[in-house]
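What follows is the content of structure-v4.cif (mmCIF, N, CA and C atoms).
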data_input
loop_
_atom_site.label_atom_id
_atom_site.label_comp_id
_atom_site.auth_asym_id
_atom_site.auth_seq_id
_atom_site.Cartn_x
_atom_site.Cartn_y
_atom_site.Cartn_z
N MET V 1 18.58 -1.99 25.73
CA MET V 1 18.85 -2.49 24.39
C MET V 1 18.21 -1.56 23.36
N LYS V 2 18.98 -1.18 22.36
CA LYS V 2 18.48 -0.31 21.30
C LYS V 2 17.76 -1.16 20.27
N LEU V 3 16.49 -0.81 20.03
CA LEU V 3 15.69 -1.55 19.07
C LEU V 3 15.50 -0.74 17.80
N ASN V 4 15.38 -1.44 16.70
CA ASN V 4 15.02 -0.83 15.44
C ASN V 4 13.59 -1.24 15.10
N ILE V 5 12.89 -0.35 14.41
CA ILE V 5 11.53 -0.62 13.99
C ILE V 5 11.46 -0.43 12.48
N ARG V 6 10.72 -1.31 11.81
CA ARG V 6 10.64 -1.26 10.34
C ARG V 6 9.42 -0.42 9.94
N ILE V 7 9.69 0.67 9.21
CA ILE V 7 8.68 1.63 8.81
C ILE V 7 8.49 1.60 7.30
N ASN V 8 7.24 1.60 6.86
CA ASN V 8 6.96 1.74 5.43
C ASN V 8 7.09 3.21 5.03
N SER V 9 6.43 4.09 5.78
CA SER V 9 6.50 5.52 5.49
C SER V 9 5.95 6.32 6.67
N ILE V 10 6.27 7.60 6.66
CA ILE V 10 5.73 8.53 7.65
C ILE V 10 5.11 9.68 6.88
N ASP V 11 3.85 9.96 7.14
CA ASP V 11 3.14 11.04 6.47
C ASP V 11 3.04 12.23 7.40
N TYR V 12 3.90 13.21 7.15
CA TYR V 12 3.93 14.44 7.96
C TYR V 12 2.97 15.51 7.42
N ARG V 13 2.31 15.23 6.30
CA ARG V 13 1.44 16.25 5.69
C ARG V 13 0.21 16.55 6.52
N GLY V 14 -0.21 15.58 7.33
CA GLY V 14 -1.39 15.78 8.17
C GLY V 14 -2.61 15.07 7.62
N SER V 15 -3.07 14.07 8.33
CA SER V 15 -4.26 13.31 7.94
C SER V 15 -5.43 13.71 8.82
N PHE V 16 -6.59 13.83 8.21
CA PHE V 16 -7.84 14.11 8.92
C PHE V 16 -8.67 12.84 9.12
N VAL V 17 -8.25 11.72 8.53
CA VAL V 17 -9.06 10.50 8.52
C VAL V 17 -8.50 9.38 9.38
N ASP V 18 -7.38 9.61 10.05
CA ASP V 18 -6.73 8.57 10.85
C ASP V 18 -6.75 8.89 12.33
N GLY V 19 -7.86 9.44 12.80
CA GLY V 19 -8.01 9.82 14.20
C GLY V 19 -8.35 11.30 14.31
N PRO V 20 -8.78 11.71 15.49
CA PRO V 20 -9.22 13.09 15.70
C PRO V 20 -8.11 14.12 15.50
N GLY V 21 -8.45 15.19 14.82
CA GLY V 21 -7.49 16.26 14.58
C GLY V 21 -6.63 15.98 13.37
N VAL V 22 -5.67 16.84 13.15
CA VAL V 22 -4.70 16.67 12.06
C VAL V 22 -3.55 15.85 12.61
N ARG V 23 -3.32 14.66 12.02
CA ARG V 23 -2.39 13.71 12.61
C ARG V 23 -1.27 13.33 11.64
N THR V 24 -0.08 13.14 12.20
CA THR V 24 1.02 12.52 11.48
C THR V 24 0.78 11.02 11.56
N VAL V 25 0.94 10.31 10.43
CA VAL V 25 0.68 8.87 10.40
C VAL V 25 1.98 8.13 10.11
N ILE V 26 2.28 7.16 10.98
CA ILE V 26 3.43 6.29 10.80
C ILE V 26 2.89 4.93 10.34
N TYR V 27 3.29 4.53 9.15
CA TYR V 27 2.86 3.24 8.61
C TYR V 27 3.97 2.22 8.86
N LEU V 28 3.72 1.29 9.78
CA LEU V 28 4.70 0.25 10.07
C LEU V 28 4.65 -0.81 8.97
N GLN V 29 5.76 -1.49 8.79
CA GLN V 29 5.89 -2.48 7.72
C GLN V 29 5.58 -3.87 8.28
N GLY V 30 4.81 -4.64 7.51
CA GLY V 30 4.51 -6.03 7.86
C GLY V 30 3.06 -6.21 8.25
N CYS V 31 2.42 -7.20 7.64
CA CYS V 31 1.04 -7.54 7.98
C CYS V 31 0.82 -9.03 7.74
N ASP V 32 0.09 -9.65 8.65
CA ASP V 32 -0.21 -11.08 8.50
C ASP V 32 -1.69 -11.32 8.23
N THR V 33 -2.48 -10.26 8.08
CA THR V 33 -3.92 -10.40 7.87
C THR V 33 -4.29 -10.37 6.39
N HIS V 34 -3.71 -9.45 5.63
CA HIS V 34 -3.94 -9.33 4.19
C HIS V 34 -5.43 -9.23 3.85
N CYS V 35 -6.09 -8.23 4.41
CA CYS V 35 -7.52 -8.04 4.18
C CYS V 35 -7.81 -7.78 2.71
N ASP V 36 -8.86 -8.42 2.19
CA ASP V 36 -9.32 -8.17 0.84
C ASP V 36 -9.76 -6.71 0.74
N GLY V 37 -9.21 -5.98 -0.22
CA GLY V 37 -9.55 -4.58 -0.39
C GLY V 37 -8.67 -3.62 0.39
N CYS V 38 -7.62 -4.12 1.04
CA CYS V 38 -6.70 -3.28 1.81
C CYS V 38 -6.11 -2.19 0.93
N HIS V 39 -6.06 -0.96 1.45
CA HIS V 39 -5.45 0.13 0.68
C HIS V 39 -3.98 0.34 1.04
N ASN V 40 -3.42 -0.52 1.88
CA ASN V 40 -2.01 -0.42 2.27
C ASN V 40 -1.25 -1.71 1.96
N GLN V 41 -1.54 -2.33 0.82
CA GLN V 41 -0.90 -3.60 0.50
C GLN V 41 0.62 -3.50 0.43
N ASN V 42 1.15 -2.32 0.15
CA ASN V 42 2.60 -2.16 0.08
C ASN V 42 3.25 -2.29 1.46
N THR V 43 2.47 -2.39 2.52
CA THR V 43 3.01 -2.58 3.87
C THR V 43 3.05 -4.05 4.28
N TRP V 44 2.54 -4.94 3.47
CA TRP V 44 2.39 -6.33 3.88
C TRP V 44 3.72 -7.07 4.09
N ASP V 45 4.66 -6.90 3.19
CA ASP V 45 5.92 -7.66 3.25
C ASP V 45 6.78 -7.14 4.40
N LYS V 46 6.99 -7.99 5.39
CA LYS V 46 7.72 -7.58 6.60
C LYS V 46 9.20 -7.31 6.35
N ASN V 47 9.70 -7.68 5.18
CA ASN V 47 11.11 -7.49 4.87
C ASN V 47 11.40 -6.19 4.12
N LEU V 48 10.36 -5.48 3.73
CA LEU V 48 10.55 -4.22 3.02
C LEU V 48 10.56 -3.07 4.03
N GLY V 49 10.50 -1.86 3.52
CA GLY V 49 10.50 -0.70 4.39
C GLY V 49 11.90 -0.31 4.82
N LYS V 50 11.96 0.63 5.75
CA LYS V 50 13.24 1.16 6.22
C LYS V 50 13.34 0.95 7.73
N LEU V 51 14.51 0.51 8.17
CA LEU V 51 14.75 0.35 9.60
C LEU V 51 15.10 1.70 10.22
N TYR V 52 14.43 2.02 11.32
CA TYR V 52 14.72 3.22 12.09
C TYR V 52 15.11 2.80 13.50
N ASN V 53 16.15 3.40 14.02
CA ASN V 53 16.44 3.25 15.44
C ASN V 53 15.31 3.96 16.18
N ILE V 54 14.71 3.31 17.16
CA ILE V 54 13.54 3.88 17.84
C ILE V 54 13.87 5.21 18.52
N ASP V 55 15.01 5.31 19.17
CA ASP V 55 15.36 6.58 19.82
C ASP V 55 15.49 7.71 18.80
N ASP V 56 16.09 7.42 17.64
CA ASP V 56 16.22 8.43 16.59
C ASP V 56 14.85 8.80 16.04
N LEU V 57 13.98 7.81 15.87
CA LEU V 57 12.63 8.07 15.38
C LEU V 57 11.85 8.95 16.36
N VAL V 58 11.97 8.66 17.64
CA VAL V 58 11.29 9.46 18.67
C VAL V 58 11.78 10.91 18.61
N ASP V 59 13.08 11.11 18.49
CA ASP V 59 13.63 12.46 18.38
C ASP V 59 13.08 13.17 17.15
N GLU V 60 13.03 12.47 16.02
CA GLU V 60 12.50 13.05 14.79
C GLU V 60 11.04 13.44 14.95
N LEU V 61 10.24 12.54 15.51
CA LEU V 61 8.81 12.82 15.69
C LEU V 61 8.59 14.00 16.62
N LYS V 62 9.33 14.04 17.71
CA LYS V 62 9.16 15.13 18.67
C LYS V 62 9.54 16.48 18.05
N SER V 63 10.47 16.48 17.12
CA SER V 63 10.86 17.74 16.50
C SER V 63 9.95 18.14 15.35
N LYS V 64 9.34 17.18 14.66
CA LYS V 64 8.54 17.49 13.47
C LYS V 64 7.03 17.55 13.71
N VAL V 65 6.53 16.87 14.73
CA VAL V 65 5.08 16.81 14.95
C VAL V 65 4.72 17.89 15.97
N GLU V 66 4.47 19.08 15.46
CA GLU V 66 4.26 20.23 16.34
C GLU V 66 3.00 20.14 17.18
N ASN V 67 1.95 19.52 16.65
CA ASN V 67 0.69 19.44 17.41
C ASN V 67 0.62 18.21 18.31
N GLY V 68 1.62 17.33 18.25
CA GLY V 68 1.68 16.18 19.15
C GLY V 68 0.70 15.05 18.86
N LYS V 69 0.07 15.05 17.67
CA LYS V 69 -0.92 14.02 17.33
C LYS V 69 -0.33 13.03 16.33
N ILE V 70 -0.24 11.77 16.76
CA ILE V 70 0.37 10.72 15.94
C ILE V 70 -0.57 9.51 15.89
N THR V 71 -0.70 8.95 14.68
CA THR V 71 -1.39 7.68 14.50
C THR V 71 -0.38 6.66 14.00
N ILE V 72 -0.37 5.51 14.64
CA ILE V 72 0.50 4.40 14.23
C ILE V 72 -0.39 3.38 13.56
N SER V 73 -0.08 3.11 12.28
CA SER V 73 -0.90 2.24 11.47
C SER V 73 0.01 1.21 10.80
N GLY V 74 -0.46 0.63 9.75
CA GLY V 74 0.35 -0.36 9.06
C GLY V 74 -0.18 -0.62 7.68
N GLY V 75 0.03 -1.84 7.34
CA GLY V 75 0.47 -3.03 8.01
C GLY V 75 -0.30 -3.30 9.31
N GLU V 76 0.33 -4.12 10.09
CA GLU V 76 -0.20 -4.49 11.41
C GLU V 76 0.86 -4.17 12.46
N PRO V 77 0.68 -3.08 13.22
CA PRO V 77 1.69 -2.68 14.20
C PRO V 77 2.02 -3.74 15.24
N LEU V 78 1.08 -4.62 15.55
CA LEU V 78 1.35 -5.59 16.61
C LEU V 78 2.26 -6.73 16.16
N ILE V 79 2.57 -6.80 14.86
CA ILE V 79 3.57 -7.76 14.41
C ILE V 79 4.94 -7.38 14.98
N GLN V 80 5.19 -6.08 15.09
CA GLN V 80 6.43 -5.58 15.70
C GLN V 80 6.09 -5.15 17.13
N LEU V 81 5.61 -6.08 17.91
CA LEU V 81 5.05 -5.76 19.21
C LEU V 81 6.04 -5.09 20.15
N GLU V 82 7.18 -5.69 20.38
CA GLU V 82 8.16 -5.13 21.32
C GLU V 82 8.58 -3.73 20.87
N GLU V 83 8.79 -3.58 19.56
CA GLU V 83 9.20 -2.29 19.02
C GLU V 83 8.08 -1.25 19.16
N THR V 84 6.84 -1.66 18.89
CA THR V 84 5.70 -0.75 19.01
C THR V 84 5.50 -0.31 20.45
N ILE V 85 5.64 -1.24 21.38
CA ILE V 85 5.51 -0.90 22.80
C ILE V 85 6.59 0.12 23.19
N GLN V 86 7.82 -0.12 22.76
CA GLN V 86 8.90 0.81 23.10
C GLN V 86 8.67 2.18 22.47
N LEU V 87 8.26 2.21 21.22
CA LEU V 87 8.01 3.48 20.54
C LEU V 87 6.90 4.27 21.25
N ILE V 88 5.78 3.63 21.50
CA ILE V 88 4.65 4.31 22.12
C ILE V 88 4.99 4.78 23.53
N SER V 89 5.71 3.97 24.28
CA SER V 89 6.05 4.37 25.65
C SER V 89 6.98 5.58 25.67
N LYS V 90 7.78 5.75 24.62
CA LYS V 90 8.69 6.90 24.56
C LYS V 90 8.01 8.15 24.01
N LEU V 91 6.81 8.00 23.50
CA LEU V 91 6.04 9.13 22.98
C LEU V 91 4.92 9.51 23.95
N LYS V 92 5.14 9.25 25.22
CA LYS V 92 4.07 9.38 26.23
C LYS V 92 3.47 10.77 26.36
N ASP V 93 4.19 11.80 25.91
CA ASP V 93 3.65 13.16 26.00
C ASP V 93 2.80 13.53 24.78
N MET V 94 2.66 12.59 23.85
CA MET V 94 1.92 12.87 22.62
C MET V 94 0.54 12.21 22.67
N ASP V 95 -0.31 12.66 21.79
CA ASP V 95 -1.66 12.11 21.61
C ASP V 95 -1.52 10.97 20.60
N ILE V 96 -1.61 9.73 21.10
CA ILE V 96 -1.31 8.55 20.27
C ILE V 96 -2.58 7.76 19.95
N CYS V 97 -2.72 7.45 18.68
CA CYS V 97 -3.78 6.57 18.19
C CYS V 97 -3.09 5.37 17.54
N LEU V 98 -3.60 4.18 17.81
CA LEU V 98 -3.06 2.95 17.21
C LEU V 98 -4.14 2.28 16.40
N TYR V 99 -3.84 1.97 15.15
CA TYR V 99 -4.74 1.21 14.29
C TYR V 99 -4.25 -0.23 14.24
N THR V 100 -5.11 -1.17 14.60
CA THR V 100 -4.77 -2.59 14.53
C THR V 100 -5.96 -3.37 13.97
N GLY V 101 -5.65 -4.44 13.27
CA GLY V 101 -6.68 -5.35 12.78
C GLY V 101 -7.08 -6.38 13.83
N ARG V 102 -6.42 -6.36 14.96
CA ARG V 102 -6.73 -7.30 16.04
C ARG V 102 -7.97 -6.84 16.80
N SER V 103 -8.52 -7.72 17.60
CA SER V 103 -9.64 -7.36 18.47
C SER V 103 -9.10 -6.63 19.70
N PHE V 104 -9.97 -5.96 20.41
CA PHE V 104 -9.56 -5.25 21.63
C PHE V 104 -8.91 -6.22 22.62
N GLU V 105 -9.45 -7.40 22.73
CA GLU V 105 -8.94 -8.40 23.68
C GLU V 105 -7.54 -8.88 23.31
N GLU V 106 -7.17 -8.77 22.04
CA GLU V 106 -5.85 -9.21 21.58
C GLU V 106 -4.77 -8.14 21.73
N VAL V 107 -5.17 -6.91 22.02
CA VAL V 107 -4.19 -5.83 22.19
C VAL V 107 -3.54 -5.98 23.56
N PRO V 108 -2.21 -6.08 23.61
CA PRO V 108 -1.54 -6.24 24.90
C PRO V 108 -1.90 -5.11 25.86
N LYS V 109 -2.25 -5.48 27.07
CA LYS V 109 -2.73 -4.51 28.06
C LYS V 109 -1.68 -3.46 28.41
N GLU V 110 -0.39 -3.78 28.27
CA GLU V 110 0.64 -2.79 28.59
C GLU V 110 0.66 -1.63 27.59
N LEU V 111 0.05 -1.80 26.42
CA LEU V 111 -0.04 -0.71 25.45
C LEU V 111 -1.12 0.31 25.82
N LEU V 112 -2.22 -0.17 26.37
CA LEU V 112 -3.41 0.66 26.56
C LEU V 112 -3.19 1.95 27.34
N PRO V 113 -2.43 1.97 28.44
CA PRO V 113 -2.26 3.24 29.17
C PRO V 113 -1.54 4.32 28.37
N HIS V 114 -0.84 3.94 27.31
CA HIS V 114 -0.08 4.90 26.50
C HIS V 114 -0.89 5.44 25.32
N LEU V 115 -2.11 4.92 25.13
CA LEU V 115 -2.91 5.29 23.97
C LEU V 115 -4.05 6.22 24.35
N ASN V 116 -4.35 7.15 23.44
CA ASN V 116 -5.52 8.01 23.58
C ASN V 116 -6.69 7.45 22.77
N TYR V 117 -6.35 6.79 21.64
CA TYR V 117 -7.36 6.21 20.76
C TYR V 117 -6.85 4.87 20.24
N LEU V 118 -7.81 4.00 19.91
CA LEU V 118 -7.48 2.67 19.40
C LEU V 118 -8.55 2.25 18.40
N LYS V 119 -8.11 1.93 17.18
CA LYS V 119 -9.02 1.36 16.18
C LYS V 119 -8.75 -0.13 16.16
N VAL V 120 -9.79 -0.94 16.37
CA VAL V 120 -9.64 -2.39 16.38
C VAL V 120 -10.54 -3.03 15.33
N GLY V 121 -10.13 -4.21 14.88
CA GLY V 121 -10.92 -4.98 13.93
C GLY V 121 -10.31 -4.94 12.54
N ASN V 122 -10.30 -6.09 11.87
CA ASN V 122 -9.75 -6.13 10.52
C ASN V 122 -10.77 -5.58 9.53
N TYR V 123 -10.26 -5.10 8.41
CA TYR V 123 -11.11 -4.53 7.37
C TYR V 123 -11.86 -5.63 6.65
N LYS V 124 -13.17 -5.45 6.49
CA LYS V 124 -14.01 -6.39 5.74
C LYS V 124 -14.65 -5.62 4.58
N LYS V 125 -14.21 -5.96 3.40
CA LYS V 125 -14.65 -5.26 2.19
C LYS V 125 -16.17 -5.24 2.07
N GLU V 126 -16.82 -6.34 2.42
CA GLU V 126 -18.28 -6.43 2.28
C GLU V 126 -19.03 -5.57 3.31
N LEU V 127 -18.31 -5.08 4.32
CA LEU V 127 -18.91 -4.21 5.35
C LEU V 127 -18.39 -2.77 5.25
N ARG V 128 -17.82 -2.41 4.09
CA ARG V 128 -17.21 -1.10 3.89
C ARG V 128 -18.18 0.02 4.26
N THR V 129 -17.64 1.05 4.91
CA THR V 129 -18.42 2.23 5.24
C THR V 129 -17.59 3.48 4.97
N THR V 130 -18.29 4.53 4.58
CA THR V 130 -17.63 5.83 4.42
C THR V 130 -18.33 6.88 5.28
N THR V 131 -19.24 6.44 6.13
CA THR V 131 -20.03 7.38 6.91
C THR V 131 -19.64 7.44 8.38
N THR V 132 -18.82 6.52 8.84
CA THR V 132 -18.39 6.52 10.24
C THR V 132 -16.92 6.92 10.28
N SER V 133 -16.62 7.93 11.06
CA SER V 133 -15.25 8.44 11.11
C SER V 133 -14.25 7.40 11.61
N PHE V 134 -13.10 7.38 10.97
CA PHE V 134 -11.89 6.67 11.41
C PHE V 134 -11.95 5.16 11.27
N ILE V 135 -12.98 4.61 10.66
CA ILE V 135 -13.02 3.17 10.39
C ILE V 135 -13.32 2.95 8.91
N GLY V 136 -12.99 1.76 8.42
CA GLY V 136 -13.23 1.44 7.02
C GLY V 136 -14.37 0.47 6.80
N SER V 137 -14.71 -0.32 7.83
CA SER V 137 -15.82 -1.27 7.72
C SER V 137 -16.57 -1.31 9.06
N THR V 138 -17.84 -1.65 8.99
CA THR V 138 -18.71 -1.52 10.16
C THR V 138 -18.40 -2.49 11.29
N ASN V 139 -17.58 -3.50 11.06
CA ASN V 139 -17.18 -4.42 12.14
C ASN V 139 -16.08 -3.81 13.01
N GLN V 140 -15.44 -2.75 12.54
CA GLN V 140 -14.35 -2.13 13.28
C GLN V 140 -14.90 -1.18 14.34
N ARG V 141 -14.08 -0.96 15.38
CA ARG V 141 -14.46 -0.01 16.44
C ARG V 141 -13.35 0.99 16.62
N PHE V 142 -13.74 2.24 16.84
CA PHE V 142 -12.79 3.30 17.16
C PHE V 142 -13.06 3.71 18.59
N LEU V 143 -12.07 3.50 19.45
CA LEU V 143 -12.25 3.66 20.90
C LEU V 143 -11.42 4.81 21.44
N LYS V 144 -12.02 5.57 22.34
CA LYS V 144 -11.29 6.60 23.08
C LYS V 144 -10.87 5.97 24.40
N LEU V 145 -9.60 6.16 24.76
CA LEU V 145 -9.07 5.54 25.97
C LEU V 145 -8.57 6.62 26.95
N GLN V 146 -8.65 6.29 28.21
CA GLN V 146 -8.05 7.12 29.25
C GLN V 146 -7.56 6.18 30.33
N ASP V 147 -6.30 6.31 30.69
CA ASP V 147 -5.69 5.45 31.72
C ASP V 147 -5.87 3.98 31.40
N GLY V 148 -5.81 3.63 30.10
CA GLY V 148 -5.90 2.25 29.68
C GLY V 148 -7.29 1.66 29.63
N LYS V 149 -8.31 2.49 29.84
CA LYS V 149 -9.71 2.01 29.85
C LYS V 149 -10.51 2.74 28.77
N ILE V 150 -11.49 2.05 28.21
CA ILE V 150 -12.39 2.66 27.22
C ILE V 150 -13.29 3.65 27.94
N ILE V 151 -13.40 4.86 27.35
CA ILE V 151 -14.33 5.85 27.93
C ILE V 151 -15.39 6.23 26.91
#
So, in terms of structure tokens, how does the structure I just supplied come out?
Amino acid sequence: MKLNIRINSIDYRGSFVDGPGVRTVIYLQGCDTHCDGCHNQNTWDKNLGKLYNIDDLVDELKSKVENGKITISGGEPLIQLEETIQLISKLKDMDICLYTGRSFEEVPKELLPHLNYLKVGNYKKELRTTTTSFIGSTNQRFLKLQDGKII
């Protein structure tokens, strides 16, 4: 079955703050957390954004992301769970980081073997930090994964 995924935007310019290395960031559309102080509020409405056929998106990413480093953010990527699983599984040759506001225990286990990095925890404005790489508040964790396990 061909699935479509709703995307807010794709940043091909290269981010240094959304995971190790220079990364292309895909901002998925839709969020149910609505953290106070969120800097991606334009991703909240699940009905906005642009629909992409996942196979076409994979082809586009493979042709444009020369270094193979991709971060999937949002919004909340796990709102589009089936679509996110399909997208990540088709990008298996790439270095994938997933940003989610969910806890590690809430991330579906079938996603973990496809990820190199995982940021977990919702943003808490009162715990804001600018000194720890790849997180926005001190309650969040940035995890390196190998074969679906934290290393």
For the file shown, report as a VMD selection string the outcome of the PyMOL selection byres ((chain V and resi 77) around 6.5) at residue level.
chain V and resid 28 30 72 to 76 78 to 81 84 99 to 101
Export of the given selection (N, CA and C atoms) as a tab-separated table (two decimals), in the coordinates of the input:
chain	number	residue	atom	x	y	z
V	28	LEU	N	3.72	1.29	9.78
V	28	LEU	CA	4.70	0.25	10.07
V	28	LEU	C	4.65	-0.81	8.97
V	30	GLY	N	4.81	-4.64	7.51
V	30	GLY	CA	4.51	-6.03	7.86
V	30	GLY	C	3.06	-6.21	8.25
V	72	ILE	N	-0.37	5.51	14.64
V	72	ILE	CA	0.50	4.40	14.23
V	72	ILE	C	-0.39	3.38	13.56
V	73	SER	N	-0.08	3.11	12.28
V	73	SER	CA	-0.90	2.24	11.47
V	73	SER	C	0.01	1.21	10.80
V	74	GLY	N	-0.46	0.63	9.75
V	74	GLY	CA	0.35	-0.36	9.06
V	74	GLY	C	-0.18	-0.62	7.68
V	75	GLY	N	0.03	-1.84	7.34
V	75	GLY	CA	0.47	-3.03	8.01
V	75	GLY	C	-0.30	-3.30	9.31
V	76	GLU	N	0.33	-4.12	10.09
V	76	GLU	CA	-0.20	-4.49	11.41
V	76	GLU	C	0.86	-4.17	12.46
V	78	LEU	N	1.08	-4.62	15.55
V	78	LEU	CA	1.35	-5.59	16.61
V	78	LEU	C	2.26	-6.73	16.16
V	79	ILE	N	2.57	-6.80	14.86
V	79	ILE	CA	3.57	-7.76	14.41
V	79	ILE	C	4.94	-7.38	14.98
V	80	GLN	N	5.19	-6.08	15.09
V	80	GLN	CA	6.43	-5.58	15.70
V	80	GLN	C	6.09	-5.15	17.13
V	81	LEU	N	5.61	-6.08	17.91
V	81	LEU	CA	5.05	-5.76	19.21
V	81	LEU	C	6.04	-5.09	20.15
V	84	THR	N	6.84	-1.66	18.89
V	84	THR	CA	5.70	-0.75	19.01
V	84	THR	C	5.50	-0.31	20.45
V	99	TYR	N	-3.84	1.97	15.15
V	99	TYR	CA	-4.74	1.21	14.29
V	99	TYR	C	-4.25	-0.23	14.24
V	100	THR	N	-5.11	-1.17	14.60
V	100	THR	CA	-4.77	-2.59	14.53
V	100	THR	C	-5.96	-3.37	13.97
V	101	GLY	N	-5.65	-4.44	13.27
V	101	GLY	CA	-6.68	-5.35	12.78
V	101	GLY	C	-7.08	-6.38	13.83
Quick one: residues within 8 Å of Val58 of chain V, only N, CA and C atoms counted, chain neighbours fewer than 6 positions away excluded, as a ChimeraX atom specification?
/V:52,64,87,90-91
Given the file above and the PyMOL selection byres (((chain V and resi 110-121 and name CA) around 8) and name CA), which residues are selected, and can you give them as a PyMOL selection string?
chain V and resi 19+85+88-89+92+95-104+107-109+122-123+134-135+139-149
Run the PyMOL selection byres (((chain V and resi 15 and name CA) around 12) and name CA) mentally over the shown coordinates, then write out the matched residues as an MDAnalysis selection string, using the chain letters and numbers from the document.
chainID V and resid 10:14 16:26 69:72 134
Kindly export the residues of the current selection with N, CA and C atoms, as a PDB file, in the frame of the given file.
ATOM      1  N   ILE V  10       6.270   7.600   6.660  1.00  0.00           N
ATOM      2  CA  ILE V  10       5.730   8.530   7.650  1.00  0.00           C
ATOM      3  C   ILE V  10       5.110   9.680   6.880  1.00  0.00           C
ATOM      4  N   ASP V  11       3.850   9.960   7.140  1.00  0.00           N
ATOM      5  CA  ASP V  11       3.140  11.040   6.470  1.00  0.00           C
ATOM      6  C   ASP V  11       3.040  12.230   7.400  1.00  0.00           C
ATOM      7  N   TYR V  12       3.900  13.210   7.150  1.00  0.00           N
ATOM      8  CA  TYR V  12       3.930  14.440   7.960  1.00  0.00           C
ATOM      9  C   TYR V  12       2.970  15.510   7.420  1.00  0.00           C
ATOM     10  N   ARG V  13       2.310  15.230   6.300  1.00  0.00           N
ATOM     11  CA  ARG V  13       1.440  16.250   5.690  1.00  0.00           C
ATOM     12  C   ARG V  13       0.210  16.550   6.520  1.00  0.00           C
ATOM     13  N   GLY V  14      -0.210  15.580   7.330  1.00  0.00           N
ATOM     14  CA  GLY V  14      -1.390  15.780   8.170  1.00  0.00           C
ATOM     15  C   GLY V  14      -2.610  15.070   7.620  1.00  0.00           C
ATOM     16  N   PHE V  16      -6.590  13.830   8.210  1.00  0.00           N
ATOM     17  CA  PHE V  16      -7.840  14.110   8.920  1.00  0.00           C
ATOM     18  C   PHE V  16      -8.670  12.840   9.120  1.00  0.00           C
ATOM     19  N   VAL V  17      -8.250  11.720   8.530  1.00  0.00           N
ATOM     20  CA  VAL V  17      -9.060  10.500   8.520  1.00  0.00           C
ATOM     21  C   VAL V  17      -8.500   9.380   9.380  1.00  0.00           C
ATOM     22  N   ASP V  18      -7.380   9.610  10.050  1.00  0.00           N
ATOM     23  CA  ASP V  18      -6.730   8.570  10.850  1.00  0.00           C
ATOM     24  C   ASP V  18      -6.750   8.890  12.330  1.00  0.00           C
ATOM     25  N   GLY V  19      -7.860   9.440  12.800  1.00  0.00           N
ATOM     26  CA  GLY V  19      -8.010   9.820  14.200  1.00  0.00           C
ATOM     27  C   GLY V  19      -8.350  11.300  14.310  1.00  0.00           C
ATOM     28  N   PRO V  20      -8.780  11.710  15.490  1.00  0.00           N
ATOM     29  CA  PRO V  20      -9.220  13.090  15.700  1.00  0.00           C
ATOM     30  C   PRO V  20      -8.110  14.120  15.500  1.00  0.00           C
ATOM     31  N   GLY V  21      -8.450  15.190  14.820  1.00  0.00           N
ATOM     32  CA  GLY V  21      -7.490  16.260  14.580  1.00  0.00           C
ATOM     33  C   GLY V  21      -6.630  15.980  13.370  1.00  0.00           C
ATOM     34  N   VAL V  22      -5.670  16.840  13.150  1.00  0.00           N
ATOM     35  CA  VAL V  22      -4.700  16.670  12.060  1.00  0.00           C
ATOM     36  C   VAL V  22      -3.550  15.850  12.610  1.00  0.00           C
ATOM     37  N   ARG V  23      -3.320  14.660  12.020  1.00  0.00           N
ATOM     38  CA  ARG V  23      -2.390  13.710  12.610  1.00  0.00           C
ATOM     39  C   ARG V  23      -1.270  13.330  11.640  1.00  0.00           C
ATOM     40  N   THR V  24      -0.080  13.140  12.200  1.00  0.00           N
ATOM     41  CA  THR V  24       1.020  12.520  11.480  1.00  0.00           C
ATOM     42  C   THR V  24       0.780  11.020  11.560  1.00  0.00           C
ATOM     43  N   VAL V  25       0.940  10.310  10.430  1.00  0.00           N
ATOM     44  CA  VAL V  25       0.680   8.870  10.400  1.00  0.00           C
ATOM     45  C   VAL V  25       1.980   8.130  10.110  1.00  0.00           C
ATOM     46  N   ILE V  26       2.280   7.160  10.980  1.00  0.00           N
ATOM     47  CA  ILE V  26       3.430   6.290  10.800  1.00  0.00           C
ATOM     48  C   ILE V  26       2.890   4.930  10.340  1.00  0.00           C
ATOM     49  N   LYS V  69       0.070  15.050  17.670  1.00  0.00           N
ATOM     50  CA  LYS V  69      -0.920  14.020  17.330  1.00  0.00           C
ATOM     51  C   LYS V  69      -0.330  13.030  16.330  1.00  0.00           C
ATOM     52  N   ILE V  70      -0.240  11.770  16.760  1.00  0.00           N
ATOM     53  CA  ILE V  70       0.370  10.720  15.940  1.00  0.00           C
ATOM     54  C   ILE V  70      -0.570   9.510  15.890  1.00  0.00           C
ATOM     55  N   THR V  71      -0.700   8.950  14.680  1.00  0.00           N
ATOM     56  CA  THR V  71      -1.390   7.680  14.500  1.00  0.00           C
ATOM     57  C   THR V  71      -0.380   6.660  14.000  1.00  0.00           C
ATOM     58  N   ILE V  72      -0.370   5.510  14.640  1.00  0.00           N
ATOM     59  CA  ILE V  72       0.500   4.400  14.230  1.00  0.00           C
ATOM     60  C   ILE V  72      -0.390   3.380  13.560  1.00  0.00           C
ATOM     61  N   PHE V 134     -13.100   7.380  10.970  1.00  0.00           N
ATOM     62  CA  PHE V 134     -11.890   6.670  11.410  1.00  0.00           C
ATOM     63  C   PHE V 134     -11.950   5.160  11.270  1.00  0.00           C
TER      64      PHE V 134
END
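Going from atom CA of Arg128 of chain V over to atom CA of Gly37 of chain V, you cover 9.4 Å.
Across the model, the gap from atom CA of Asn4 of chain V to atom N of Glu105 of chain V is 26.4 Å.
Note that the spacing between atom CA of Lys46 of chain V and atom C of Arg6 of chain V amounts to 8.1 Å.
Closest approach to Asn67 of chain V from the set V:Cys35, V:Glu106, V:Met94, V:Ile7 is made by V:Met94, with distances taken over only C-alpha atoms.
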